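What follows is a single structure, written as structure tokens, with notes after it.
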Amino acid sequence: MGKPLIRIENVVKQYTRDTQVLTVLDGLSLEVEEGDFVALMGPSGSGKTTLLNLVAGIDRPTSGTIHVGDAEVSSMSEGALARWRSQHVGFIFQLYNLVPVLTAFENVELPLLLTRLSKADRRRQVETALGVVGLSDRMDHYPRQLSGGQEQRVAIARAIATDPTLLVADEPTGDLDARSGEEILVLLERLNHEFGKTVVMVTHDPKAAARAHRLVHLDKGVLKEDVRAKEAAGSIGLAAAVEVSAGK
Amino acid sequence: MKLLPLVFKNLFRKKTRSLLTIGSILLPLFVICILGTMLRALDSDPSNGKGMYRLIVRHKVSITNWLPAAYDPKIRQLPGVVEVLRMNWFGGSYVDQSARNQFARFSTSDADRFLKVFDEATVVEGSEKEWVDDRSGLLVGRLLMKKYGWKLGQKVTLKGDIYPVTLELTIRAVFEAPDETGVYFHHEAIEEALPRVKGFVGWYWIKTASLEATERIPAQLDAMFENSSFPTKTETEKEFQNGWVSMLGNVKLLVTSICTIIVFVILLIAANTMAMAARERVTEIAVLRTLGFRKRQILGLVLGESLLLSLFGGVLGVALYALLFPGFREAVANSPMGGFAAGMKLFPEILAVAFAVTVFVGLVAGLAPAVRSAQRSITDGLRQVG
Ligand SMILES: Nc1ncnc2c1ncn2[C@@H]1O[C@H](COP(=O)(O)OP(=O)(O)OP(=O)(O)O)[C@@H](O)[C@H]1O
Ligand SMILES: [Mg+2]
């Protein structure tokens with residue numbers, strides 16, 4: 001495998017509510033290699049979303065450092081982070097979060113509006129992204145005219161429109177039926193495999209986690225399990241690991 | 001800007017709400033334009049500056065007290081007096097007392113001087129001579145001719161109230177002027193029927209030679225008659241008109257207050273709409289910021305939407321007003337307040353003020369929601385799953 005893309009060192013994240021200090025992440029360290037597909041699991045409230053947000057640069061740790069590629073996202077200014085995110089990270093949310101008044105095309109174009117690309121270049125990139133997720137024929141449809149699975153695919157197209165190195169997904173199949181969820185997972189696998197995107201995905205679903213190459217289990221702000229699938233018997237090994245963590 | 005289409009689409013996300021808000025900006029702005037025009041008309045000078053060379057001399061006590069007709073030569077000999085015109089309010093009625101049939105009816109002892117003093121008026125039908133030569137001749141404003149469908153040479157019957165006479169007058173001339181809402185005839189027509197009114201007039205108009213004369217004469221003239229049994233009060237035309245306006249109470253203050261209240265009401269309506277719009281989009285705005293939108297871009301999106309909302313209403317309101325203005329002016333001209341129409345125009349400054357109000361409302365209404373939307377942390381926004 002490649003060199004580490006994400007380096008999390010000794011990260012602490014605390015929330016202060018009134019006088020109470022809540023420590024969500026407690027000295028967490030983790031490295032993710034470039035081109036890896038990581039599933040992040042753990043009970044509700046264990047800090048998965050918090051960790052994902054830190055890695056993606058929409059939140060900053062209380063202490064510790066986070067490097068993604070050459071950027072130290074834990075110490076960048078807000079403006080610099082915004083630019084960095086638009087170039088390097090693609091987000092996929094549980095509830096798709098498309099803008100309802102924009103068509104599939106316009107939704108995917110949104111992150112490209114922040115670049116200097118010409119209209120023609122933007123169009124080309126949007127069409128490519130929608131082609132990858134298999135929705136070339138739905139470009140002019142509004143979110144309400146699409147199924148949940150299709151909406152999530154548009155959201156994935158939006159996430160890859162700027163061709164970022166890192167994709168983060170927070171329970172991307174959490175709101176979908178089994179079949180649509182399966183489609184999304186296949187798509188993420190393909191993006192990882194074929195397009196070389198590094199994927200970090202939070203999930204509650206062991207079957208979804210089984211798609212990943214690596215399973216990281218978080219509990220009460222610290223890493224509990226970290227299982228790497230064998231190259232050969234990847235999914236079998238992971239499934240076993242999942243059984244273990246679910247059974248204890 | 002590339003984000004403008006998004007601003008547009010956001011604006012009409014809740015169509016009914018946006019249209020209602022636009023409507024509740026449009027109509028008040030329309031009203032503001034009307035009130036502003038009335039207010040501005042009070043200040044305007046329909047005579048185009050000619051009024052600066054006119055003085056009015058009336059009885060010190062009230063305009064309803066008569067003055068001796070014999071003051072004429074005494075006034076005339078003052079230096080700077082170009083012409084003197086004796087006028088009188090006839091009142092009375094035409095056909096009936098209905099509002100439609102209200103217009104000003106004056107008699108003058110000096111028909112031959114009338115157009116010298118009111119030199120902004122020109123005769124457009126018939127002739128001055130025909131009117132001056134006919135003791136029962138009538139000089140009529142063009143607007144009234146149109147309103148009543150009168151023809152030159154037609155007889156018009158005026159029934160007196162102050163003067164118990166019925167006058168049958170013949171239209172001899174039609175004049176065009178900023179104020180075309182009056183009729184004028186010879187005072188002799190009244191005197192013939194009521195000899196006792198001879199020797200008295202309502203007031204004097206003076207045409208002055210210079211602004212210096214306009215300024216000097218009032219004190220001089222009033223001093224001249226101070227100790228007579230008919231003391232006078234001399235004012236410029238402008239002062240005289242303002243006197244009427246202040247008799248209506250402090251109209252300006254009232255109208256200005258109403259306008260201010262209207263502005264605040266539309267501000268509240270627009271602010272409420274924008275607050276709702278921003279609240280509904282908390283998650284969405286967090287998503288946009290996740291994609292790399294900057295705080296100032298979010299600020300621009302919300303503020304732009306608010307501005308657009310207000311501009312839609314405001315521009316439509318002003319346009320509607322501009323469109324309906326000619327009809328509105330005519331309606332005023334044909335009403336008992338007809339004289340008022342003379343000063344009414346599509347004042348560019350009123351339109352500019354209306355536009356400024358619109359921009360102000362748009363920016364102020366959107367400011368708080370825009371700042372709040374831009375300042376909210378992304379993670380807070382994302383956690384607020386609606
Ligand atoms: N902005 C915040 N202010 C205060 N507490 C917060 C904030 N964000 C998260 N928390 C707390 O941090 C803890 C971890 O939250 P987080 O969303 O990371 O959990 P999670 O593992 O993603 O859970 P879930 O599986 O339910 O999504 C929770 O107890 C949550 O209440
Ligand atoms: Mg979560």
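If you're wondering about the labels, chains in the structure tokens are A, B, ... by order shown, residues count from 1 in each chain, ligands from 1 in order shown.
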Neighbourhood of ligand 2 at 9 Å, counting only C-alpha atoms and all ligand atoms, reported as a PyMOL selection string
(chain A and resi 44-50+52+170-171+202-203) or (chain B and resi 383)
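Excluding Leu3 of chain B itself and same-chain residues fewer than 2 positions from it, the residues having an atom within 10 Å of it are Leu110, Leu113 and Leu114 of chain A; Met1, Pro5, Leu6, Val7, Phe8, Gln297, Gly300, Leu301 and Gly304 of chain B, counting only C-alpha atoms.
Near Val117 of chain B, within 8 Å and counting only C-alpha atoms, sit Arg54, Glu83, Val84, Leu85, Trp205, Ile206 and Lys207 of chain B; same-chain residues fewer than 5 positions away were not included.
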7 Å contacts from chain A to chain B using only C-alpha atoms, as a PyMOL selection string:
chain A and resi 58-59+79+82-83+85-86+97+99+101+111+113
To one decimal place, how far is atom CA of Glu194 of chain A from atom CA of Glu33 of chain A in Å?
16.3 Å
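Our summary of the geometry notes that atom CA of Glu9 of chain A is positioned 4.5 Å from atom CA of Ser29 of chain A.
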In terms of only C-alpha atoms and all ligand atoms, the residue from A:His204, A:Arg123, A:His213, A:Lys3 at minimal distance from ligand 1 is A:His204
Have a look at atom CA of Val32 of chain A and atom 1 (N, counted along the ligand's line) of ligand 1 and let me know their distance in Å, one decimal.
25.1 Å
With the cut-off set at 12 Å and counting only C-alpha atoms and all ligand atoms, tabulate each residue of chain A with an atom at most that distance from an atom of ligand 1, showing the nearest atom pair and its distance in Å to one decimal, ordered by chain and increasing number, as JSON lines.
```
{"residue": "A:Val12", "atom": "CA", "partner": "ligand 1", "partner_atom_place_in_ligand_line": "12 (O)", "distance": 11.8}
{"residue": "A:Lys13", "atom": "CA", "partner": "ligand 1", "partner_atom_place_in_ligand_line": "12 (O)", "distance": 8.8}
{"residue": "A:Gln14", "atom": "CA", "partner": "ligand 1", "partner_atom_place_in_ligand_line": "5 (N)", "distance": 8.0}
{"residue": "A:Tyr15", "atom": "CA", "partner": "ligand 1", "partner_atom_place_in_ligand_line": "4 (C)", "distance": 5.0}
{"residue": "A:Thr16", "atom": "CA", "partner": "ligand 1", "partner_atom_place_in_ligand_line": "4 (C)", "distance": 6.7}
{"residue": "A:Arg17", "atom": "CA", "partner": "ligand 1", "partner_atom_place_in_ligand_line": "4 (C)", "distance": 6.4}
{"residue": "A:Asp18", "atom": "CA", "partner": "ligand 1", "partner_atom_place_in_ligand_line": "4 (C)", "distance": 10.1}
{"residue": "A:Thr19", "atom": "CA", "partner": "ligand 1", "partner_atom_place_in_ligand_line": "4 (C)", "distance": 12.0}
{"residue": "A:Gln20", "atom": "CA", "partner": "ligand 1", "partner_atom_place_in_ligand_line": "4 (C)", "distance": 10.0}
{"residue": "A:Val21", "atom": "CA", "partner": "ligand 1", "partner_atom_place_in_ligand_line": "4 (C)", "distance": 9.1}
{"residue": "A:Leu22", "atom": "CA", "partner": "ligand 1", "partner_atom_place_in_ligand_line": "5 (N)", "distance": 7.0}
{"residue": "A:Thr23", "atom": "CA", "partner": "ligand 1", "partner_atom_place_in_ligand_line": "12 (O)", "distance": 7.6}
{"residue": "A:Val24", "atom": "CA", "partner": "ligand 1", "partner_atom_place_in_ligand_line": "12 (O)", "distance": 5.1}
{"residue": "A:Leu25", "atom": "CA", "partner": "ligand 1", "partner_atom_place_in_ligand_line": "14 (C)", "distance": 8.1}
{"residue": "A:Asp26", "atom": "CA", "partner": "ligand 1", "partner_atom_place_in_ligand_line": "14 (C)", "distance": 11.5}
{"residue": "A:Leu40", "atom": "CA", "partner": "ligand 1", "partner_atom_place_in_ligand_line": "21 (O)", "distance": 9.2}
{"residue": "A:Met41", "atom": "CA", "partner": "ligand 1", "partner_atom_place_in_ligand_line": "21 (O)", "distance": 8.0}
{"residue": "A:Gly42", "atom": "CA", "partner": "ligand 1", "partner_atom_place_in_ligand_line": "21 (O)", "distance": 6.5}
{"residue": "A:Pro43", "atom": "CA", "partner": "ligand 1", "partner_atom_place_in_ligand_line": "25 (O)", "distance": 5.9}
{"residue": "A:Ser44", "atom": "CA", "partner": "ligand 1", "partner_atom_place_in_ligand_line": "25 (O)", "distance": 3.5}
{"residue": "A:Gly45", "atom": "CA", "partner": "ligand 1", "partner_atom_place_in_ligand_line": "19 (O)", "distance": 3.5}
{"residue": "A:Ser46", "atom": "CA", "partner": "ligand 1", "partner_atom_place_in_ligand_line": "21 (O)", "distance": 4.0}
{"residue": "A:Gly47", "atom": "CA", "partner": "ligand 1", "partner_atom_place_in_ligand_line": "18 (O)", "distance": 3.1}
{"residue": "A:Lys48", "atom": "CA", "partner": "ligand 1", "partner_atom_place_in_ligand_line": "21 (O)", "distance": 3.8}
{"residue": "A:Thr49", "atom": "CA", "partner": "ligand 1", "partner_atom_place_in_ligand_line": "22 (O)", "distance": 3.7}
{"residue": "A:Thr50", "atom": "CA", "partner": "ligand 1", "partner_atom_place_in_ligand_line": "18 (O)", "distance": 3.7}
{"residue": "A:Leu51", "atom": "CA", "partner": "ligand 1", "partner_atom_place_in_ligand_line": "18 (O)", "distance": 6.5}
{"residue": "A:Leu52", "atom": "CA", "partner": "ligand 1", "partner_atom_place_in_ligand_line": "18 (O)", "distance": 8.0}
{"residue": "A:Asn53", "atom": "CA", "partner": "ligand 1", "partner_atom_place_in_ligand_line": "18 (O)", "distance": 8.4}
{"residue": "A:Leu54", "atom": "CA", "partner": "ligand 1", "partner_atom_place_in_ligand_line": "18 (O)", "distance": 10.0}
{"residue": "A:Ile58", "atom": "CA", "partner": "ligand 1", "partner_atom_place_in_ligand_line": "1 (N)", "distance": 11.9}
{"residue": "A:Asp59", "atom": "CA", "partner": "ligand 1", "partner_atom_place_in_ligand_line": "1 (N)", "distance": 9.7}
{"residue": "A:Arg60", "atom": "CA", "partner": "ligand 1", "partner_atom_place_in_ligand_line": "1 (N)", "distance": 11.4}
{"residue": "A:Pro61", "atom": "CA", "partner": "ligand 1", "partner_atom_place_in_ligand_line": "8 (N)", "distance": 11.9}
{"residue": "A:Phe93", "atom": "CA", "partner": "ligand 1", "partner_atom_place_in_ligand_line": "27 (O)", "distance": 11.2}
{"residue": "A:Gln94", "atom": "CA", "partner": "ligand 1", "partner_atom_place_in_ligand_line": "27 (O)", "distance": 9.8}
{"residue": "A:Ala169", "atom": "CA", "partner": "ligand 1", "partner_atom_place_in_ligand_line": "22 (O)", "distance": 11.4}
{"residue": "A:Asp170", "atom": "CA", "partner": "ligand 1", "partner_atom_place_in_ligand_line": "22 (O)", "distance": 8.0}
{"residue": "A:Glu171", "atom": "CA", "partner": "ligand 1", "partner_atom_place_in_ligand_line": "27 (O)", "distance": 8.1}
{"residue": "A:Pro172", "atom": "CA", "partner": "ligand 1", "partner_atom_place_in_ligand_line": "27 (O)", "distance": 11.6}
{"residue": "A:Gly174", "atom": "CA", "partner": "ligand 1", "partner_atom_place_in_ligand_line": "27 (O)", "distance": 10.2}
{"residue": "A:Met201", "atom": "CA", "partner": "ligand 1", "partner_atom_place_in_ligand_line": "22 (O)", "distance": 11.3}
{"residue": "A:Val202", "atom": "CA", "partner": "ligand 1", "partner_atom_place_in_ligand_line": "22 (O)", "distance": 7.9}
{"residue": "A:Thr203", "atom": "CA", "partner": "ligand 1", "partner_atom_place_in_ligand_line": "25 (O)", "distance": 7.9}
{"residue": "A:His204", "atom": "CA", "partner": "ligand 1", "partner_atom_place_in_ligand_line": "25 (O)", "distance": 7.2}
{"residue": "A:Asp205", "atom": "CA", "partner": "ligand 1", "partner_atom_place_in_ligand_line": "25 (O)", "distance": 10.9}
{"residue": "A:His217", "atom": "CA", "partner": "ligand 1", "partner_atom_place_in_ligand_line": "21 (O)", "distance": 10.4}
{"residue": "A:Leu218", "atom": "CA", "partner": "ligand 1", "partner_atom_place_in_ligand_line": "21 (O)", "distance": 8.0}
{"residue": "A:Asp219", "atom": "CA", "partner": "ligand 1", "partner_atom_place_in_ligand_line": "21 (O)", "distance": 8.3}
{"residue": "A:Lys220", "atom": "CA", "partner": "ligand 1", "partner_atom_place_in_ligand_line": "14 (C)", "distance": 8.3}
{"residue": "A:Gly221", "atom": "CA", "partner": "ligand 1", "partner_atom_place_in_ligand_line": "14 (C)", "distance": 8.0}
{"residue": "A:Val222", "atom": "CA", "partner": "ligand 1", "partner_atom_place_in_ligand_line": "21 (O)", "distance": 11.2}
```
Sel. of helix (DSSP H, G or I) residues, segment 13-257 of chain B, as a PyMOL selection string
chain B and resi 15-43+50-53+71-76+99-101+111-117+128-133+142-148+187-193+195-197+211-224+237-247+251-257
Excluding segment 192-195 of chain B and its own-chain neighbours fewer than 2 positions away, which residues fall within 12 Å of it when counting only C-alpha atoms? Please give them as a PDB file with C-alpha atoms, in the first residue's frame.
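Contents of the output file out-v9.pdb:
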```pdb
ATOM      1  CA  ARG B 135     -69.435  91.806 -19.208  1.00  0.00           C
ATOM      2  CA  SER B 136     -71.032  88.414 -18.827  1.00  0.00           C
ATOM      3  CA  GLY B 160     -74.630  82.337  -5.841  1.00  0.00           C
ATOM      4  CA  ILE B 162     -72.548  84.497  -0.597  1.00  0.00           C
ATOM      5  CA  TYR B 163     -74.157  86.694  -3.256  1.00  0.00           C
ATOM      6  CA  PRO B 164     -77.858  85.977  -3.734  1.00  0.00           C
ATOM      7  CA  VAL B 165     -77.728  86.092  -7.525  1.00  0.00           C
ATOM      8  CA  THR B 166     -77.867  83.662 -10.378  1.00  0.00           C
ATOM      9  CA  LEU B 167     -75.418  84.500 -13.122  1.00  0.00           C
ATOM     10  CA  GLU B 168     -75.741  83.418 -16.687  1.00  0.00           C
ATOM     11  CA  HIS B 186     -66.340  90.319 -14.467  1.00  0.00           C
ATOM     12  CA  HIS B 187     -67.184  91.651 -11.037  1.00  0.00           C
ATOM     13  CA  GLU B 188     -69.651  93.967 -12.803  1.00  0.00           C
ATOM     14  CA  ALA B 189     -71.801  90.931 -13.440  1.00  0.00           C
ATOM     15  CA  ILE B 190     -72.370  90.701  -9.681  1.00  0.00           C
ATOM     16  CA  VAL B 197     -71.471  95.225  -3.206  1.00  0.00           C
ATOM     17  CA  LYS B 198     -70.025  98.041  -5.306  1.00  0.00           C
ATOM     18  CA  GLY B 199     -66.821  99.556  -4.006  1.00  0.00           C
ATOM     19  CA  PHE B 200     -65.495  96.402  -2.331  1.00  0.00           C
TER      20      PHE B 200
END
```
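Of the listed residues (A:Gln125, A:Ser75, A:Asp36, A:Arg214), A:Asp36 comes nearest to Gly196 of chain A; the distances count only C-alpha atoms.
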